[in-house]
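Below is the file final_24.cif, which contains mmCIF, C-alpha atoms.
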```
data_structure
#
loop_
_atom_site.label_atom_id
_atom_site.label_comp_id
_atom_site.auth_asym_id
_atom_site.auth_seq_id
_atom_site.Cartn_x
_atom_site.Cartn_y
_atom_site.Cartn_z
CA MET K 1 -18.99 -17.03 8.58
CA GLN K 2 -16.33 -18.05 11.11
CA LEU K 3 -13.66 -15.53 12.09
CA ARG K 4 -10.10 -16.42 13.08
CA LEU K 5 -7.54 -13.82 14.19
CA ARG K 6 -3.77 -14.24 14.53
CA LEU K 7 -0.82 -11.94 15.16
CA ILE K 8 2.07 -12.53 12.76
CA ASP K 9 5.64 -11.29 13.13
CA LEU K 10 7.40 -10.60 9.83
CA PRO K 11 11.18 -10.15 10.16
CA LEU K 12 12.44 -7.71 7.54
CA ARG K 13 15.39 -8.27 5.20
CA HIS K 14 16.89 -5.01 6.44
CA ALA K 15 15.99 -2.36 8.97
CA PHE K 16 13.37 -0.20 7.24
CA THR K 17 13.60 3.50 7.99
CA ILE K 18 11.47 6.42 6.86
CA SER K 19 11.42 10.00 8.12
CA VAL K 20 9.24 9.11 11.13
CA GLY K 21 10.86 5.90 12.41
CA SER K 22 12.60 2.57 11.86
CA ILE K 23 11.62 -1.12 12.29
CA THR K 24 13.29 -4.52 11.93
CA VAL K 25 10.22 -6.70 12.59
CA GLN K 26 6.73 -5.94 11.32
CA GLN K 27 3.84 -7.22 13.44
CA ASN K 28 0.61 -7.54 11.47
CA LEU K 29 -2.79 -9.11 11.98
CA LEU K 30 -3.90 -12.07 9.88
CA VAL K 31 -7.67 -12.42 9.48
CA GLU K 32 -9.36 -15.59 8.22
CA LEU K 33 -13.01 -15.84 7.23
CA ARG K 34 -14.36 -19.35 6.71
CA ASP K 35 -17.65 -20.28 5.10
CA GLY K 36 -18.88 -23.26 3.10
CA GLY K 37 -15.51 -25.02 2.93
CA PHE K 38 -13.67 -21.91 1.68
CA THR K 39 -11.28 -19.62 3.56
CA GLY K 40 -10.48 -16.01 2.77
CA TYR K 41 -7.39 -14.24 4.10
CA GLY K 42 -6.73 -10.60 4.91
CA GLU K 43 -3.92 -8.65 6.55
CA GLY K 44 -3.83 -5.57 8.71
CA ALA K 45 -0.41 -3.91 8.69
CA SER K 46 0.67 -1.71 11.57
CA GLY K 47 2.89 1.27 10.81
CA SER K 48 5.48 3.33 12.67
CA ALA K 49 3.61 6.52 11.79
CA TYR K 50 0.29 5.13 13.08
CA GLN K 51 0.97 3.98 16.62
CA ALA K 52 -2.73 4.06 17.51
CA PHE K 53 -3.36 1.11 15.18
CA THR K 54 -1.31 -1.82 16.44
CA ALA K 55 -1.90 -5.44 15.50
CA PRO K 56 -3.15 -6.29 19.04
CA GLY K 57 -5.48 -3.29 18.84
CA MET K 58 -6.89 -4.48 15.52
CA ARG K 59 -7.43 -7.92 16.98
CA ALA K 60 -9.21 -6.48 20.02
CA ASP K 61 -11.58 -4.39 17.91
CA LEU K 62 -12.42 -7.29 15.61
CA GLU K 63 -12.89 -9.59 18.60
CA ALA K 64 -15.33 -7.08 20.11
CA ALA K 65 -17.33 -7.19 16.86
CA ARG K 66 -17.06 -10.96 16.37
CA ALA K 67 -20.73 -11.76 16.98
CA ARG K 68 -21.85 -9.12 14.49
CA ILE K 69 -19.28 -10.19 11.85
CA GLU K 70 -20.08 -13.90 12.12
CA ALA K 71 -23.80 -13.21 11.83
CA GLU K 72 -23.41 -11.28 8.57
CA PRO K 73 -24.07 -12.84 5.16
CA LEU K 74 -21.36 -12.40 2.53
CA ASP K 75 -23.58 -11.25 -0.31
CA ASP K 76 -21.08 -8.65 -1.56
CA PRO K 77 -17.93 -7.44 0.22
CA ALA K 78 -18.71 -3.78 -0.47
CA THR K 79 -22.16 -3.93 1.09
CA LEU K 80 -20.71 -5.90 4.02
CA TRP K 81 -18.13 -3.12 4.49
CA ASP K 82 -20.88 -0.50 4.52
CA ARG K 83 -22.88 -2.45 7.09
CA LEU K 84 -19.87 -2.84 9.39
CA LEU K 85 -18.60 0.73 9.08
CA PRO K 86 -20.64 1.97 12.08
CA VAL K 87 -19.15 -0.84 14.18
CA LEU K 88 -15.51 -0.77 13.03
CA GLY K 89 -15.06 2.60 11.33
CA HIS K 90 -12.90 3.87 14.20
CA ASN K 91 -10.22 1.33 13.20
CA ARG K 92 -9.75 1.33 9.40
CA PHE K 93 -6.67 -0.89 9.77
CA ALA K 94 -8.83 -3.66 11.26
CA MET K 95 -11.48 -3.07 8.59
CA CYS K 96 -8.80 -3.49 5.93
CA ALA K 97 -7.85 -6.95 7.15
CA LEU K 98 -11.49 -8.01 7.36
CA ASP K 99 -12.39 -6.54 3.96
CA GLU K 100 -9.44 -8.24 2.22
CA ALA K 101 -10.50 -11.57 3.76
CA ALA K 102 -14.09 -10.98 2.65
CA HIS K 103 -13.01 -10.33 -0.95
CA ASP K 104 -10.74 -13.37 -0.98
CA LEU K 105 -13.54 -15.58 0.36
CA TRP K 106 -16.11 -14.03 -2.03
CA GLY K 107 -13.95 -14.78 -5.06
CA LYS K 108 -13.12 -18.30 -3.96
CA GLN K 109 -16.78 -19.11 -3.36
CA ARG K 110 -17.60 -17.91 -6.88
CA GLY K 111 -14.63 -19.57 -8.55
CA GLN K 112 -13.19 -16.33 -9.94
CA PRO K 113 -10.40 -13.84 -9.16
CA VAL K 114 -11.69 -10.66 -7.58
CA TRP K 115 -10.51 -8.47 -10.46
CA LYS K 116 -12.57 -10.56 -12.88
CA LEU K 117 -15.68 -10.36 -10.69
CA TRP K 118 -15.25 -6.57 -10.83
CA GLY K 119 -15.35 -6.76 -14.63
CA LEU K 120 -11.70 -5.80 -15.09
CA THR K 121 -9.11 -7.19 -17.50
CA GLN K 122 -5.47 -7.80 -16.63
CA ARG K 123 -3.33 -6.43 -19.46
CA GLY K 124 0.08 -6.16 -17.87
CA GLY K 125 -0.72 -3.29 -15.54
CA PRO K 126 1.80 -0.81 -14.14
CA LEU K 127 5.16 -2.07 -12.89
CA SER K 128 5.89 -1.94 -9.19
CA ASN K 129 8.83 -0.11 -7.68
CA TYR K 130 11.21 -1.52 -5.09
CA THR K 131 11.54 0.68 -2.00
CA ILE K 132 14.84 1.73 -0.44
CA GLY K 133 14.52 2.94 3.15
CA ILE K 134 16.63 5.71 4.65
CA ASP K 135 20.13 4.67 5.70
CA ALA K 136 23.75 5.61 5.18
CA ILE K 137 24.31 6.33 1.50
CA ASP K 138 26.57 3.33 0.97
CA THR K 139 23.99 1.08 2.60
CA MET K 140 21.20 2.48 0.41
CA VAL K 141 23.33 1.81 -2.66
CA ALA K 142 23.94 -1.75 -1.45
CA LYS K 143 20.21 -2.27 -0.89
CA MET K 144 19.51 -1.18 -4.45
CA ARG K 145 22.28 -3.35 -5.87
CA GLU K 146 20.86 -6.34 -3.97
CA PHE K 147 17.78 -5.99 -6.18
CA ASP K 148 19.40 -5.04 -9.47
CA GLY K 149 17.18 -5.09 -12.51
CA TRP K 150 14.04 -3.51 -11.09
CA PRO K 151 12.59 -0.94 -13.51
CA ILE K 152 11.67 1.53 -10.75
CA TYR K 153 13.08 2.34 -7.32
CA LYS K 154 11.24 4.33 -4.68
CA ILE K 155 13.65 6.23 -2.46
CA LYS K 156 12.64 7.25 1.03
CA LEU K 157 13.95 10.72 1.88
CA GLY K 158 13.72 13.24 4.70
CA THR K 159 17.37 13.63 5.72
CA ALA K 160 20.00 16.38 5.59
CA ASN K 161 21.53 14.66 2.53
CA ASP K 162 18.53 13.98 0.30
CA LEU K 163 19.98 15.20 -3.00
CA ALA K 164 23.28 13.46 -2.29
CA ILE K 165 21.40 10.20 -1.77
CA VAL K 166 19.64 10.42 -5.13
CA ARG K 167 22.85 11.46 -6.92
CA ALA K 168 24.69 8.47 -5.45
CA LEU K 169 21.97 5.98 -6.37
CA ARG K 170 21.78 7.36 -9.90
CA GLN K 171 25.41 6.35 -10.48
CA HIS K 172 24.42 2.68 -10.23
CA THR K 173 21.26 2.36 -12.34
CA THR K 174 19.33 3.81 -15.25
CA ALA K 175 16.01 2.81 -13.69
CA THR K 176 13.21 5.29 -13.00
CA PHE K 177 13.22 6.83 -9.52
CA ARG K 178 10.37 7.96 -7.30
CA VAL K 179 10.98 9.83 -4.06
CA ASP K 180 8.88 9.89 -0.89
CA ALA K 181 9.62 12.48 1.78
CA ASN K 182 6.86 11.27 4.14
CA CYS K 183 5.91 14.85 5.11
CA ALA K 184 9.50 15.89 5.95
CA TRP K 185 10.06 18.81 3.54
CA SER K 186 8.95 22.42 3.35
CA VAL K 187 7.50 24.19 0.33
CA ASP K 188 10.79 25.95 -0.37
CA GLN K 189 12.79 22.72 -0.09
CA THR K 190 10.46 20.92 -2.47
CA LEU K 191 10.58 23.70 -5.07
CA ALA K 192 14.38 23.86 -4.78
CA PHE K 193 14.87 20.07 -5.00
CA ALA K 194 12.40 19.31 -7.79
CA PRO K 195 14.40 20.57 -10.83
CA GLU K 196 17.50 18.55 -9.93
CA LEU K 197 15.43 15.51 -8.99
CA ARG K 198 13.81 15.69 -12.41
CA SER K 199 17.24 15.82 -14.04
CA LEU K 200 18.19 12.74 -12.01
CA GLY K 201 15.32 10.72 -13.50
CA VAL K 202 12.77 11.11 -10.70
CA GLU K 203 9.20 10.52 -11.88
CA PHE K 204 7.30 12.22 -9.05
CA ILE K 205 7.51 13.36 -5.44
CA GLU K 206 5.25 11.71 -2.89
CA GLN K 207 3.84 13.69 0.06
CA PRO K 208 6.59 16.27 0.60
CA LEU K 209 4.61 18.36 3.13
CA PRO K 210 2.70 17.47 6.30
CA ALA K 211 -0.85 16.38 5.59
CA GLY K 212 -2.57 19.56 6.75
CA GLU K 213 -0.54 22.06 4.72
CA TRP K 214 -3.08 22.58 1.95
CA THR K 215 -1.95 26.12 1.10
CA GLY K 216 1.57 24.88 0.54
CA MET K 217 0.31 21.93 -1.49
CA LYS K 218 -1.59 24.29 -3.77
CA ARG K 219 1.59 26.23 -4.43
CA LEU K 220 3.54 23.06 -5.17
CA PHE K 221 0.82 21.89 -7.53
CA ALA K 222 1.23 25.08 -9.54
CA GLU K 223 5.00 25.55 -9.35
CA SER K 224 6.77 22.21 -8.83
CA ALA K 225 8.99 20.91 -11.64
CA LEU K 226 7.73 17.39 -10.79
CA PRO K 227 4.24 15.98 -10.18
CA ILE K 228 3.21 15.74 -6.53
CA MET K 229 1.39 12.63 -5.24
CA ALA K 230 -0.73 12.57 -2.09
CA ASP K 231 -0.34 9.90 0.56
CA GLU K 232 -0.90 11.12 4.11
CA SER K 233 -3.23 13.82 2.74
CA CYS K 234 -5.54 11.25 1.14
CA LEU K 235 -6.43 8.48 3.56
CA VAL K 236 -10.14 7.84 3.03
CA PRO K 237 -12.70 8.37 0.23
CA GLU K 238 -13.77 11.74 1.61
CA ASP K 239 -10.24 13.10 1.02
CA VAL K 240 -10.10 12.51 -2.74
CA ASP K 241 -12.04 15.53 -3.98
CA ARG K 242 -9.96 17.91 -1.89
CA CYS K 243 -6.79 16.73 -3.63
CA VAL K 244 -7.88 18.36 -6.89
CA GLY K 245 -5.76 21.46 -7.45
CA HIS K 246 -3.37 20.42 -4.67
CA PHE K 247 -1.92 17.17 -6.01
CA HIS K 248 -1.44 15.61 -9.43
CA GLY K 249 -2.43 12.18 -8.13
CA ILE K 250 -3.14 10.06 -5.07
CA ASN K 251 -1.39 7.06 -3.54
CA VAL K 252 -4.03 4.96 -1.79
CA LYS K 253 -3.04 2.59 1.02
CA LEU K 254 -5.55 -0.20 1.62
CA THR K 255 -4.58 -0.36 5.28
CA LYS K 256 -5.26 3.32 5.95
CA ALA K 257 -8.40 3.48 3.81
CA GLY K 258 -9.98 0.38 5.31
CA GLY K 259 -9.51 -2.26 2.62
CA LEU K 260 -10.27 -2.97 -1.01
CA THR K 261 -13.79 -1.54 -0.85
CA PRO K 262 -12.84 2.09 -0.02
CA ALA K 263 -9.59 1.89 -2.00
CA ARG K 264 -11.48 0.95 -5.16
CA ARG K 265 -13.94 3.78 -4.57
CA MET K 266 -11.06 6.23 -4.11
CA VAL K 267 -9.31 5.11 -7.29
CA LEU K 268 -12.49 5.29 -9.36
CA ARG K 269 -13.30 8.76 -8.03
CA ALA K 270 -9.76 9.96 -8.69
CA ARG K 271 -10.00 8.76 -12.29
CA GLU K 272 -13.26 10.69 -12.67
CA LEU K 273 -11.52 13.83 -11.39
CA GLY K 274 -8.49 13.47 -13.66
CA LEU K 275 -6.07 12.59 -10.87
CA ARG K 276 -3.35 9.99 -11.43
CA THR K 277 -3.92 6.80 -9.50
CA MET K 278 -1.54 4.71 -7.42
CA VAL K 279 -1.85 2.11 -4.69
CA GLY K 280 0.94 1.62 -2.20
CA CYS K 281 1.71 -0.93 0.48
CA MET K 282 3.08 -1.23 3.97
CA CYS K 283 5.57 -3.92 5.06
CA GLU K 284 3.24 -6.87 4.60
CA SER K 285 3.09 -10.43 3.37
CA SER K 286 1.70 -11.79 0.13
CA VAL K 287 -1.73 -11.75 1.78
CA GLY K 288 -1.92 -7.96 1.62
CA ILE K 289 0.04 -7.65 -1.63
CA SER K 290 -2.31 -10.04 -3.43
CA ALA K 291 -5.25 -7.84 -2.42
CA ILE K 292 -3.54 -4.77 -3.90
CA ALA K 293 -2.95 -6.63 -7.17
CA GLN K 294 -6.70 -6.89 -7.81
CA LEU K 295 -6.72 -3.12 -8.47
CA LEU K 296 -3.89 -3.09 -11.02
CA PRO K 297 -6.05 -2.50 -14.12
CA LEU K 298 -7.28 0.77 -12.57
CA LEU K 299 -3.85 2.20 -11.72
CA ASP K 300 -1.22 4.42 -13.30
CA TYR K 301 1.42 3.45 -10.72
CA VAL K 302 1.80 0.83 -8.02
CA ASP K 303 4.06 0.17 -5.04
CA MET K 304 3.50 -3.48 -4.09
CA ASP K 305 6.94 -4.63 -2.93
CA GLY K 306 5.95 -5.29 0.68
CA ALA K 307 6.48 -9.04 0.52
CA VAL K 308 9.90 -8.51 -1.07
CA LEU K 309 10.94 -6.42 1.94
CA ILE K 310 10.31 -9.25 4.43
CA ALA K 311 12.73 -12.11 5.14
CA LYS K 312 10.09 -14.86 5.20
CA ASP K 313 6.61 -14.86 3.70
CA ILE K 314 3.59 -16.63 5.20
CA ALA K 315 1.61 -17.26 2.01
CA THR K 316 1.63 -17.70 -1.71
CA GLY K 317 -0.36 -15.44 -3.98
CA VAL K 318 0.43 -12.67 -6.41
CA ARG K 319 4.19 -12.31 -6.44
CA VAL K 320 6.32 -9.48 -7.77
CA GLU K 321 9.47 -10.21 -9.77
CA LYS K 322 11.50 -7.20 -10.88
CA GLY K 323 8.38 -5.09 -10.90
CA HIS K 324 6.12 -7.54 -12.72
CA ALA K 325 3.02 -8.93 -10.97
CA ILE K 326 2.62 -12.67 -11.54
CA PHE K 327 -0.84 -14.01 -10.75
CA PRO K 328 -1.55 -17.51 -9.38
CA THR K 329 -4.36 -19.82 -10.48
CA GLU K 330 -6.04 -19.53 -7.07
CA ASN K 331 -9.31 -17.59 -7.08
CA GLY K 332 -10.32 -14.68 -4.86
CA ASN K 333 -7.25 -12.58 -4.13
CA GLY K 334 -5.15 -15.65 -4.94
CA VAL K 335 -3.96 -16.32 -1.37
CA ARG K 336 -2.98 -19.68 0.07
CA LEU K 337 -1.14 -19.92 3.41
CA LEU K 338 2.12 -21.84 3.51
CA PRO K 339 1.72 -25.17 5.37
CA GLU K 340 3.57 -24.00 8.50
CA PHE K 341 1.14 -21.10 8.89
CA ALA K 342 -2.10 -22.84 7.92
#
```

Translate the structure described by the file into structure tokens.
Amino acid sequence: MQLRLRLIDLPLRHAFTISVGSITVQQNLLVELRDGGFTGYGEGASGSAYQAFTAPGMRADLEAARARIEAEPLDDPATLWDRLLPVLGHNRFAMCALDEAAHDLWGKQRGQPVWKLWGLTQRGGPLSNYTIGIDAIDTMVAKMREFDGWPIYKIKLGTANDLAIVRALRQHTTATFRVDANCAWSVDQTLAFAPELRSLGVEFIEQPLPAGEWTGMKRLFAESALPIMADESCLVPEDVDRCVGHFHGINVKLTKAGGLTPARRMVLRARELGLRTMVGCMCESSVGISAIAQLLPLLDYVDMDGAVLIAKDIATGVRVEKGHAIFPTENGNGVRLLPEFA
């Protein structure tokens, strides 16, 4: 295989703010794997909450492992991931980009979409939400109205006015809401907010407490008026079992887990344990979103609006229109770079 690495800057439609920071441009890493006339694409998304994993840092770690990567056969992406874990396991964000590219290449070489090679069937799948970052209430309302007609909106919270935000947004839509506090609440806040949030049409609360507060999570699991979904508390496969009795479900991020290989393992294990399953995204292009889409048949919920949040995409692939995933005819993950980025 031949490895190509590029930094890509993705200007966002609007400043995107969560409880831990704000960005206007997302810098990600684009990975290309070439073999036998086919090219697979993967994306590593940096995040404001994960400053240790920048796009230049991902590129440096993959560059350091180039000789090993290019010498590997692509027999199966999952076994490739296992072989490279000792080399790249310290940077799961870089592994994610490489693993997505490996799956895309694997499917293209075999003339099939990845989900079909996994033995799955696409039967509609869950609908994606559209995410509204923290801002002034009027601005958050305007952001939602800009994308009228979505069946679900995910609302980022973690402010002094969280209930007021949800009340204001509810005046403008009958859509389902989800809320994500990104670790910003306490146990008492969550228990106090949950009954009203439920009355306002909120489906679940994502990661209200900091990741290490397992005692508090156990109390919320037992007492909350709404289901609680793990995000920051469930990053890698080893975290899934611990979520039982602390969360009602898990939201897996490919970037944090290390790609499709560990994400699929996490989702399958969660289903075995009776946990609800979700996959979420970062601010990323259709390269990363198309990888997420391969998991749709295994999910109860999905957040794959990342390419909708950016002002200009770099690729075609699986696109999301008002929550619905629309698959291309391209094999693998379905990714094809736009001419100006090829």

Kindly extract all protein, DNA and RNA residues lying within 10 Å of the coordinates (4.5, -4.6, -12.1) given in the file, considering all atoms listed in the file, and supply them as number ranges by chain. K: 124-129, 150-152, 293, 296, 301-305, 319-326

Output of the PyMOL selection byres ((chain K and resi 226) around 6), listed as a JSON list (two decimals) with C-alpha atoms, keeping the file's coordinate frame:
```json
[["chain", "number", "residue", "atom", "x", "y", "z"],
["K", 194, "ALA", "CA", 12.40, 19.31, -7.79],
["K", 204, "PHE", "CA", 7.30, 12.22, -9.05],
["K", 224, "SER", "CA", 6.77, 22.21, -8.83],
["K", 225, "ALA", "CA", 8.99, 20.91, -11.64],
["K", 227, "PRO", "CA", 4.24, 15.98, -10.18]]
```

Using the chain letters and numbering of this document, enumerate as JSON, numbers by chain the residues selected by the PyMOL selection byres ((chain K and resi 316) around 12). {"K": [41, 285, 286, 287, 288, 289, 290, 307, 312, 313, 314, 315, 317, 318, 319, 320, 326, 327, 328, 329, 330, 333, 334, 335, 336, 337, 338, 339, 341, 342]}

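Excluding Thr190 of chain K and any residue on its chain fewer than 4 positions from it, the residues at most 9 Å away by all atoms listed in the file are K:Trp185, K:Ser186, K:Ala194, K:Ile205, K:Pro208, K:Leu209, K:Leu220, K:Ser224.
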
List the residues matched by the PyMOL selection byres ((chain K and resi 27) around 8) in the displayed structure as a list in words, ordered by chain and then by residue number. Leu7, Ile8, Asp9, Leu10, Val25, Gln26, Asn28, Leu29, Ala45, Ser46 and Ala55 of chain K

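Those DNA, RNA and protein residues that approach the point (21.5, 10.5, -6.4) to within 10 Å, considering all atoms listed in the file, are Ile137, Val141, Ile155, Asn161, Asp162, Leu163, Ala164, Ile165, Val166, Arg167, Ala168, Leu169, Arg170, Gln171, His172, Phe177, Glu196, Leu197, Leu200, Gly201 and Val202 of chain K.
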
Can I get the selection written as a CSV table (one decimal), keeping the file's coordinate frame, with C-alpha atoms?
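Generated file (again-v1.csv):
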```
chain,number,residue,atom,x,y,z
K,137,ILE,CA,24.3,6.3,1.5
K,141,VAL,CA,23.3,1.8,-2.7
K,155,ILE,CA,13.6,6.2,-2.5
K,161,ASN,CA,21.5,14.7,2.5
K,162,ASP,CA,18.5,14.0,0.3
K,163,LEU,CA,20.0,15.2,-3.0
K,164,ALA,CA,23.3,13.5,-2.3
K,165,ILE,CA,21.4,10.2,-1.8
K,166,VAL,CA,19.6,10.4,-5.1
K,167,ARG,CA,22.8,11.5,-6.9
K,168,ALA,CA,24.7,8.5,-5.4
K,169,LEU,CA,22.0,6.0,-6.4
K,170,ARG,CA,21.8,7.4,-9.9
K,171,GLN,CA,25.4,6.4,-10.5
K,172,HIS,CA,24.4,2.7,-10.2
K,177,PHE,CA,13.2,6.8,-9.5
K,196,GLU,CA,17.5,18.6,-9.9
K,197,LEU,CA,15.4,15.5,-9.0
K,200,LEU,CA,18.2,12.7,-12.0
K,201,GLY,CA,15.3,10.7,-13.5
K,202,VAL,CA,12.8,11.1,-10.7
```

In terms of only C-alpha atoms, the residue from K:Gly149, K:Asn331, K:Leu235, K:Leu85 at minimal distance from Thr39 of chain K is K:Asn331
